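Undergrad: Got structure_22.cif for you, mmCIF, C-alpha atoms:
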data_input
loop_
_atom_site.label_atom_id
_atom_site.label_comp_id
_atom_site.auth_asym_id
_atom_site.auth_seq_id
_atom_site.Cartn_x
_atom_site.Cartn_y
_atom_site.Cartn_z
CA MET Z 1 -136.55 236.51 100.14
CA ASN Z 2 -133.56 236.51 97.81
CA ILE Z 3 -134.74 237.03 94.24
CA LYS Z 4 -132.41 235.66 91.60
CA ILE Z 5 -131.86 237.90 88.58
CA LEU Z 6 -131.51 235.63 85.57
CA SER Z 7 -128.98 236.30 82.85
CA PRO Z 8 -129.78 236.03 79.13
CA SER Z 9 -127.73 232.82 79.01
CA ASP Z 10 -129.70 231.39 81.98
CA ILE Z 11 -132.95 232.16 80.19
CA ALA Z 12 -131.79 230.68 76.89
CA ARG Z 13 -130.54 227.52 78.60
CA THR Z 14 -133.78 226.97 80.51
CA TYR Z 15 -135.80 227.44 77.34
CA SER Z 16 -133.73 225.07 75.21
CA GLN Z 17 -133.21 222.38 77.86
CA LYS Z 18 -136.45 222.41 79.87
CA VAL Z 19 -139.25 224.33 78.16
CA LYS Z 20 -138.91 223.70 74.42
CA LYS Z 21 -140.43 220.34 73.51
CA ASP Z 22 -139.82 218.11 70.51
CA SER Z 23 -142.62 217.09 68.18
CA GLU Z 24 -143.08 213.72 69.86
CA TYR Z 25 -144.11 215.37 73.12
CA PHE Z 26 -147.09 216.99 71.42
CA LYS Z 27 -148.24 213.65 69.99
CA LYS Z 28 -148.03 211.36 72.99
CA TYR Z 29 -151.48 212.01 74.47
CA GLU Z 30 -153.49 212.38 71.26
CA ILE Z 31 -155.20 209.08 72.07
CA ILE Z 32 -155.30 208.60 75.81
CA ASP Z 33 -156.49 204.97 75.97
CA GLY Z 34 -153.02 203.47 76.06
CA PHE Z 35 -152.09 205.52 79.09
CA LYS Z 36 -155.00 204.60 81.32
CA ASP Z 37 -154.01 202.75 84.50
CA GLY Z 38 -157.30 202.37 86.31
CA LYS Z 39 -156.75 205.59 88.24
CA ILE Z 40 -156.98 208.13 85.44
CA ASP Z 41 -160.24 206.58 84.14
CA GLN Z 42 -162.28 208.31 86.83
CA PHE Z 43 -160.84 211.69 85.85
CA LEU Z 44 -161.91 211.62 82.19
CA GLU Z 45 -165.52 212.62 82.68
CA GLY Z 46 -166.65 215.89 84.18
CA HIS Z 47 -163.19 217.39 84.70
CA ASP Z 48 -161.40 220.15 82.81
CA TYR Z 49 -159.47 218.17 80.18
CA PRO Z 50 -155.97 219.76 80.48
CA ARG Z 51 -155.68 218.21 83.92
CA VAL Z 52 -155.49 214.80 82.20
CA PRO Z 53 -152.17 215.31 80.32
CA CYS Z 54 -150.92 217.22 83.37
CA ILE Z 55 -151.57 214.21 85.60
CA LEU Z 56 -150.01 211.83 83.07
CA ASP Z 57 -146.85 213.96 82.89
CA PHE Z 58 -146.79 214.07 86.70
CA LYS Z 59 -147.02 210.29 86.93
CA GLU Z 60 -144.17 209.91 84.41
CA TRP Z 61 -141.93 212.42 86.22
CA VAL Z 62 -142.50 210.84 89.65
CA GLY Z 63 -141.21 207.59 88.22
CA LYS Z 64 -138.35 209.23 86.32
CA TYR Z 65 -136.94 210.95 89.41
CA GLY Z 66 -137.86 208.22 91.89
CA ILE Z 67 -139.88 210.64 93.98
CA ALA Z 68 -141.10 209.15 97.26
CA PRO Z 69 -141.63 212.03 99.70
CA GLN Z 70 -141.81 211.43 103.43
CA LYS Z 71 -143.37 214.78 104.32
CA LEU Z 72 -145.77 216.35 101.84
CA LEU Z 73 -147.43 219.75 101.82
CA ALA Z 74 -150.51 220.30 99.63
CA THR Z 75 -153.24 222.86 99.14
CA CYS Z 76 -156.06 220.51 98.17
CA ALA Z 77 -156.99 217.02 99.34
CA ASP Z 78 -158.77 216.47 96.01
CA ASP Z 79 -155.69 216.97 93.80
CA PHE Z 80 -155.59 213.80 91.71
CA GLU Z 81 -151.79 213.73 91.66
CA LEU Z 82 -151.86 212.56 95.28
CA ASN Z 83 -152.81 209.13 93.92
CA TYR Z 84 -149.24 208.71 92.68
CA LEU Z 85 -147.50 209.69 95.93
CA LYS Z 86 -147.33 207.70 99.14
CA PRO Z 87 -145.95 210.09 101.74
CA GLU Z 88 -145.60 209.19 105.40
CA SER Z 89 -147.39 212.40 106.35
CA VAL Z 90 -149.42 215.11 104.58
CA ASP Z 91 -150.19 218.60 105.80
CA PHE Z 92 -152.88 220.57 103.98
CA ILE Z 93 -152.99 224.35 103.69
CA PRO Z 94 -156.30 225.06 101.92
CA TYR Z 95 -156.20 228.11 99.68
CA ASN Z 96 -159.45 229.75 98.59
CA GLY Z 97 -158.18 233.24 97.83
CA THR Z 98 -159.40 234.82 101.04
CA ASP Z 99 -159.11 232.82 104.29
CA PHE Z 100 -155.61 231.45 103.85
CA ASP Z 101 -153.01 233.18 101.76
CA LEU Z 102 -149.76 231.75 100.41
CA HIS Z 103 -148.40 235.29 100.42
CA THR Z 104 -148.01 235.00 104.20
CA LEU Z 105 -147.24 231.30 104.50
CA SER Z 106 -145.55 230.61 107.83
CA LEU Z 107 -145.63 227.07 109.21
CA ALA Z 108 -143.76 225.43 112.06
CA LYS Z 109 -142.21 222.90 109.68
CA ASN Z 110 -139.66 223.81 107.02
CA ASP Z 111 -138.53 220.36 105.95
CA TYR Z 112 -141.18 219.16 103.52
CA ASN Z 113 -139.88 216.85 100.78
CA PHE Z 114 -142.63 217.75 98.35
CA MET Z 115 -145.28 220.42 97.81
CA LEU Z 116 -148.21 219.92 95.48
CA PHE Z 117 -150.47 222.79 94.50
CA SER Z 118 -152.50 222.96 91.32
CA GLN Z 119 -154.49 225.71 89.61
CA THR Z 120 -153.56 228.26 92.27
CA LEU Z 121 -150.95 230.63 90.83
CA GLU Z 122 -153.51 232.49 88.76
CA HIS Z 123 -155.24 233.44 92.02
CA LEU Z 124 -152.13 234.92 93.68
CA HIS Z 125 -151.68 238.66 93.20
CA ASN Z 126 -147.93 238.35 93.96
CA PRO Z 127 -146.89 234.82 92.96
CA LEU Z 128 -143.16 235.45 93.41
CA VAL Z 129 -143.63 236.22 97.10
CA SER Z 130 -145.72 233.06 97.46
CA ILE Z 131 -143.14 230.88 95.71
CA GLY Z 132 -140.46 232.37 97.94
CA ASN Z 133 -142.50 231.37 101.01
CA ILE Z 134 -142.86 227.86 99.63
CA TYR Z 135 -139.09 227.71 99.04
CA ASN Z 136 -138.53 228.45 102.73
CA HIS Z 137 -140.65 225.44 103.75
CA ILE Z 138 -139.04 222.86 101.43
CA ALA Z 139 -136.11 220.70 102.53
CA LEU Z 140 -132.92 220.75 100.48
CA GLY Z 141 -133.45 218.31 97.64
CA GLY Z 142 -137.23 218.55 97.95
CA TYR Z 143 -139.63 219.01 95.03
CA VAL Z 144 -142.55 221.25 94.09
CA PHE Z 145 -145.15 220.53 91.42
CA THR Z 146 -147.76 222.95 90.17
CA SER Z 147 -150.03 223.58 87.21
CA VAL Z 148 -151.55 226.83 86.02
CA PRO Z 149 -153.72 228.06 83.14
CA THR Z 150 -152.14 230.06 80.36
CA ILE Z 151 -155.53 231.17 79.10
CA ASN Z 152 -158.82 230.65 80.88
CA ILE Z 153 -162.25 232.03 81.59
CA PRO Z 154 -162.57 234.20 84.73
CA HIS Z 155 -163.24 232.21 87.89
CA MET Z 156 -162.96 232.83 91.64
CA THR Z 157 -163.21 236.54 90.83
CA PRO Z 158 -162.05 239.02 91.97
CA CYS Z 159 -159.08 236.81 92.87
CA HIS Z 160 -158.23 235.79 89.31
CA PHE Z 161 -155.27 237.82 88.12
CA TRP Z 162 -153.49 236.23 85.15
CA GLY Z 163 -152.21 233.17 83.29
CA MET Z 164 -148.67 231.98 82.62
CA TYR Z 165 -146.84 230.62 79.62
CA PRO Z 166 -144.51 227.65 80.16
CA MET Z 167 -141.43 229.87 79.99
CA GLY Z 168 -142.91 232.35 82.47
CA LEU Z 169 -143.71 229.53 84.89
CA ALA Z 170 -140.12 228.25 84.68
CA MET Z 171 -138.66 231.72 85.20
CA LEU Z 172 -140.89 232.34 88.23
CA PHE Z 173 -139.49 229.32 90.06
CA GLU Z 174 -135.91 229.96 89.00
CA ALA Z 175 -136.17 233.57 90.23
CA ALA Z 176 -137.20 232.21 93.63
CA GLY Z 177 -134.17 229.90 93.77
CA PHE Z 178 -135.53 226.57 92.51
CA SER Z 179 -133.98 224.43 89.77
CA VAL Z 180 -136.44 223.54 87.01
CA LEU Z 181 -136.46 219.83 86.18
CA GLU Z 182 -139.45 219.48 83.85
CA VAL Z 183 -142.03 221.71 82.14
CA GLY Z 184 -145.12 220.48 80.33
CA GLN Z 185 -147.92 222.10 78.38
CA TRP Z 186 -151.18 221.37 76.61
CA GLY Z 187 -153.67 223.29 74.53
CA ASN Z 188 -155.54 223.43 71.24
CA PHE Z 189 -157.88 225.77 69.39
CA ASP Z 190 -160.95 223.58 69.99
CA TYR Z 191 -160.47 223.89 73.74
CA ILE Z 192 -159.81 227.65 73.70
CA GLN Z 193 -162.83 228.28 71.48
CA TYR Z 194 -165.04 226.05 73.64
CA ILE Z 195 -164.27 227.73 76.97
CA PHE Z 196 -165.01 231.20 75.64
CA GLN Z 197 -168.14 230.16 73.77
CA ASN Z 198 -169.59 228.18 76.68
CA HIS Z 199 -167.93 229.70 79.72
CA SER Z 200 -167.31 226.22 81.05
CA TRP Z 201 -164.57 223.62 80.79
CA PRO Z 202 -164.83 220.60 78.45
CA ASP Z 203 -163.93 217.13 79.63
CA TYR Z 204 -162.10 214.36 77.77
CA TRP Z 205 -165.17 213.03 75.97
CA THR Z 206 -166.30 216.47 74.80
CA LEU Z 207 -162.91 217.29 73.30
CA ARG Z 208 -162.52 213.83 71.80
CA ASN Z 209 -165.82 214.31 69.99
CA LEU Z 210 -164.73 217.73 68.74
CA GLY Z 211 -161.45 216.25 67.49
CA ASN Z 212 -162.99 213.21 65.75
CA GLY Z 213 -161.40 210.75 68.16
CA LYS Z 214 -158.14 212.58 68.80
CA ILE Z 215 -157.26 215.41 71.12
CA LEU Z 216 -154.45 217.44 69.59
CA ASN Z 217 -151.82 219.25 71.62
CA GLU Z 218 -150.96 222.31 69.55
CA GLU Z 219 -147.70 223.92 70.64
CA LYS Z 220 -148.72 227.48 69.75
CA ASN Z 221 -152.20 227.21 71.28
CA VAL Z 222 -151.10 226.50 74.85
CA ALA Z 223 -153.92 226.63 77.39
CA GLN Z 224 -152.31 225.20 80.52
CA CYS Z 225 -148.78 224.40 81.69
CA TRP Z 226 -147.10 222.72 84.66
CA CYS Z 227 -143.67 222.15 86.10
CA LEU Z 228 -141.60 220.05 88.49
CA VAL Z 229 -138.85 221.92 90.32
CA GLN Z 230 -136.32 221.08 93.01
CA LYS Z 231 -134.62 222.94 95.83
CA THR Z 232 -130.90 222.35 95.24
#
Please lay out the structure from this file as structure tokens.
TA:
Amino acid sequence: MNIKILSPSDIARTYSQKVKKDSEYFKKYEIIDGFKDGKIDQFLEGHDYPRVPCILDFKEWVGKYGIAPQKLLATCADDFELNYLKPESVDFIPYNGTDFDLHTLSLAKNDYNFMLFSQTLEHLHNPLVSIGNIYNHIALGGYVFTSVPTINIPHMTPCHFWGMYPMGLAMLFEAAGFSVLEVGQWGNFDYIQYIFQNHSWPDYWTLRNLGNGKILNEEKNVAQCWCLVQKT
């Protein structure tokens, strides 16, 4: 694997152009009702809330870049983002931290147009090696989308190693050779306090009640982040 060493100017450019968000970004999902499309409704109850803005960003980016993959690689058949993709074929590589390991990914195909894997990077003890393996299986021009906690309660221990900030997530993919197209984030103090007090994850309705009808996205209280990258 060829690891790219990023220059200070590379880092500054990625931060200013891809990672740093304007104030409007942090307001757009305060009230989710206007964004519901019949698909996201079923995800509001009983699911960790940050996955909701993540999915909504994903849906927006798929449309923005006209993404319509023919061959898709994914780690989980239950990832909700699959609802917004209509690939001709899908290959699944289940990852549970023990039986199958992205550190040693080696498949017969190396021409996937898209890879989707969510909430996995925190369970990889060497994520750069894993991202490098993914890079080797993506066709030129193909995309990868992932999400990862920045701060979270321990789960799937002992295979829970860390969290990532939006900038760290972007740098990880750029170091492996990808071009970062989009980076998103969500978090607020209510959510962070809730997960550590209850050792569980609040859904949309729980957080909406805590926020008196709104669910704030506080830039400096990031809890989860996600990115869309491309092999160029």
Undergrad: Measuring between all atoms listed in the file, which one of Z:His103, Z:His155, Z:Arg13, Z:Lys39 shows the shortest distance to Ile134 (chain Z)?
TA: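 Ranked by minimum distance to Ile134 (chain Z), first place goes to Z:His103.
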Undergrad: Tell me which residues the PyMOL selection byres ((chain Z and resi 174-189) around 8) grabs here, as a PyMOL selection string.
TA: chain Z and resi 1-6+14+18-19+26+50+53-54+57+61+128+131-132+135+166+170-173+190-193+216-219+221-232
Undergrad: Pick the closest to Gln197 (chain Z) from Z:Asn152, Z:Ser16, Z:Val62, Z:Met167: which is it, counting only C-alpha atoms?
TA: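 That would be Z:Asn152, the residue with the smallest distance to Gln197 (chain Z).
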Undergrad: In Å to one decimal, how far is CA of Glu60 (chain Z) from CA of Asp203 (chain Z)?
TA: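 Straight-line distance from CA of Asp203 (chain Z) to CA of Glu60 (chain Z) works out to 21.6 Å.
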Undergrad: Would you compute the distance between CA of Asp91 (chain Z) and CA of Lys71 (chain Z)? Give it in Å to one decimal.
TA: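 Here the two named atoms are 8.0 Å from each other.
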Undergrad: Which of these residues is nearest to Ile31 (chain Z), using all atoms listed in the file: Z:Leu105, Z:Val52, Z:Ile93, Z:Val148?
TA: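 Among the listed residues, Z:Val52 lies closest to Ile31 (chain Z).
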Undergrad: Mind giving me the straight-line distance from CA of Gly142 (chain Z) to CA of Met115 (chain Z) in Å, one decimal?
TA: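 Separation between CA of Gly142 (chain Z) and CA of Met115 (chain Z): 8.3 Å.
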Undergrad: Evaluate the PyMOL selection byres ((chain Z and resi 116-118) around 10) here and jot the selected residues down as a ChimeraX atom specification.
TA: /Z:51,54,72-77,79-82,92-95,114-115,119-122,143-149,226,228
Undergrad: So, with only C-alpha atoms as the atoms that count, which of Z:Gly141, Z:Asp48, Z:Leu102, Z:Asp111 lies closest to Leu124 (chain Z)?
TA: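 That would be Z:Leu102, the residue with the smallest distance to Leu124 (chain Z).
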Undergrad: Using all atoms listed in the file, find the one residue out of Z:Leu107, Z:Leu44, Z:Ala12, Z:Leu56 that sits nearest to Ile138 (chain Z).
TA: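 Between Z:Leu107, Z:Leu44, Z:Ala12, Z:Leu56, the residue approaching Ile138 (chain Z) most closely is Z:Leu107.
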Undergrad: Name the closest residue to Asn198 (chain Z) among the candidates Z:Ala68, Z:Ile153, Z:Leu85, Z:Ile40; distances are taken between atoms, counting only C-alpha atoms.
TA: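 So, comparing all the options, the nearest one is Z:Ile153.
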Undergrad: Taking N, CA and C atoms as the atom set, what does region 202-227 of chain Z look like once completed, written as a CSV table (one decimal), keeping the file's coordinate frame?
TA:
chain,number,residue,atom,x,y,z
Z,202,PRO,N,-164.5,221.9,79.1
Z,202,PRO,CA,-164.8,220.6,78.4
Z,202,PRO,C,-164.0,219.5,79.1
Z,203,ASP,N,-164.7,218.3,79.1
Z,203,ASP,CA,-163.9,217.1,79.6
Z,203,ASP,C,-163.3,216.3,78.5
Z,204,TYR,N,-162.8,215.2,78.8
Z,204,TYR,CA,-162.1,214.4,77.8
Z,204,TYR,C,-163.0,214.0,76.6
Z,205,TRP,N,-164.3,213.5,77.0
Z,205,TRP,CA,-165.2,213.0,76.0
Z,205,TRP,C,-165.7,214.2,75.1
Z,206,THR,N,-165.9,215.3,75.6
Z,206,THR,CA,-166.3,216.5,74.8
Z,206,THR,C,-165.2,216.8,73.8
Z,207,LEU,N,-164.0,216.9,74.2
Z,207,LEU,CA,-162.9,217.3,73.3
Z,207,LEU,C,-162.6,216.2,72.3
Z,208,ARG,N,-162.7,214.9,72.7
Z,208,ARG,CA,-162.5,213.8,71.8
Z,208,ARG,C,-163.6,213.9,70.7
Z,209,ASN,N,-164.8,214.2,71.0
Z,209,ASN,CA,-165.8,214.3,70.0
Z,209,ASN,C,-165.5,215.5,69.0
Z,210,LEU,N,-165.1,216.6,69.6
Z,210,LEU,CA,-164.7,217.7,68.7
Z,210,LEU,C,-163.6,217.4,67.8
Z,211,GLY,N,-162.7,216.6,68.3
Z,211,GLY,CA,-161.4,216.2,67.5
Z,211,GLY,C,-161.6,215.0,66.7
Z,212,ASN,N,-162.8,214.4,66.5
Z,212,ASN,CA,-163.0,213.2,65.8
Z,212,ASN,C,-162.1,212.1,66.3
Z,213,GLY,N,-162.1,211.9,67.6
Z,213,GLY,CA,-161.4,210.8,68.2
Z,213,GLY,C,-160.0,211.1,68.7
Z,214,LYS,N,-159.4,212.2,68.3
Z,214,LYS,CA,-158.1,212.6,68.8
Z,214,LYS,C,-158.2,213.9,69.5
Z,215,ILE,N,-157.3,214.1,70.4
Z,215,ILE,CA,-157.3,215.4,71.1
Z,215,ILE,C,-155.9,216.0,70.9
Z,216,LEU,N,-155.7,216.9,70.0
Z,216,LEU,CA,-154.4,217.4,69.6
Z,216,LEU,C,-153.9,218.3,70.7
Z,217,ASN,N,-152.6,218.3,70.8
Z,217,ASN,CA,-151.8,219.2,71.6
Z,217,ASN,C,-151.1,220.2,70.7
Z,218,GLU,N,-151.5,221.4,70.5
Z,218,GLU,CA,-151.0,222.3,69.6
Z,218,GLU,C,-150.0,223.3,70.3
Z,219,GLU,N,-148.7,223.2,69.9
Z,219,GLU,CA,-147.7,223.9,70.6
Z,219,GLU,C,-148.0,225.4,70.8
Z,220,LYS,N,-148.5,226.0,69.7
Z,220,LYS,CA,-148.7,227.5,69.8
Z,220,LYS,C,-150.1,227.9,70.3
Z,221,ASN,N,-150.9,226.9,70.7
Z,221,ASN,CA,-152.2,227.2,71.3
Z,221,ASN,C,-152.2,226.7,72.7
Z,222,VAL,N,-151.2,227.0,73.5
Z,222,VAL,CA,-151.1,226.5,74.8
Z,222,VAL,C,-152.2,227.1,75.7
Z,223,ALA,N,-152.8,226.2,76.5
Z,223,ALA,CA,-153.9,226.6,77.4
Z,223,ALA,C,-153.6,226.4,78.9
Z,224,GLN,N,-152.8,225.4,79.1
Z,224,GLN,CA,-152.3,225.2,80.5
Z,224,GLN,C,-150.9,224.7,80.5
Z,225,CYS,N,-150.2,224.9,81.6
Z,225,CYS,CA,-148.8,224.4,81.7
Z,225,CYS,C,-148.5,224.0,83.1
Z,226,TRP,N,-147.4,223.3,83.3
Z,226,TRP,CA,-147.1,222.7,84.7
Z,226,TRP,C,-145.6,222.5,84.7
Z,227,CYS,N,-145.1,222.4,86.0
Z,227,CYS,CA,-143.7,222.2,86.1
Z,227,CYS,C,-143.3,221.4,87.4
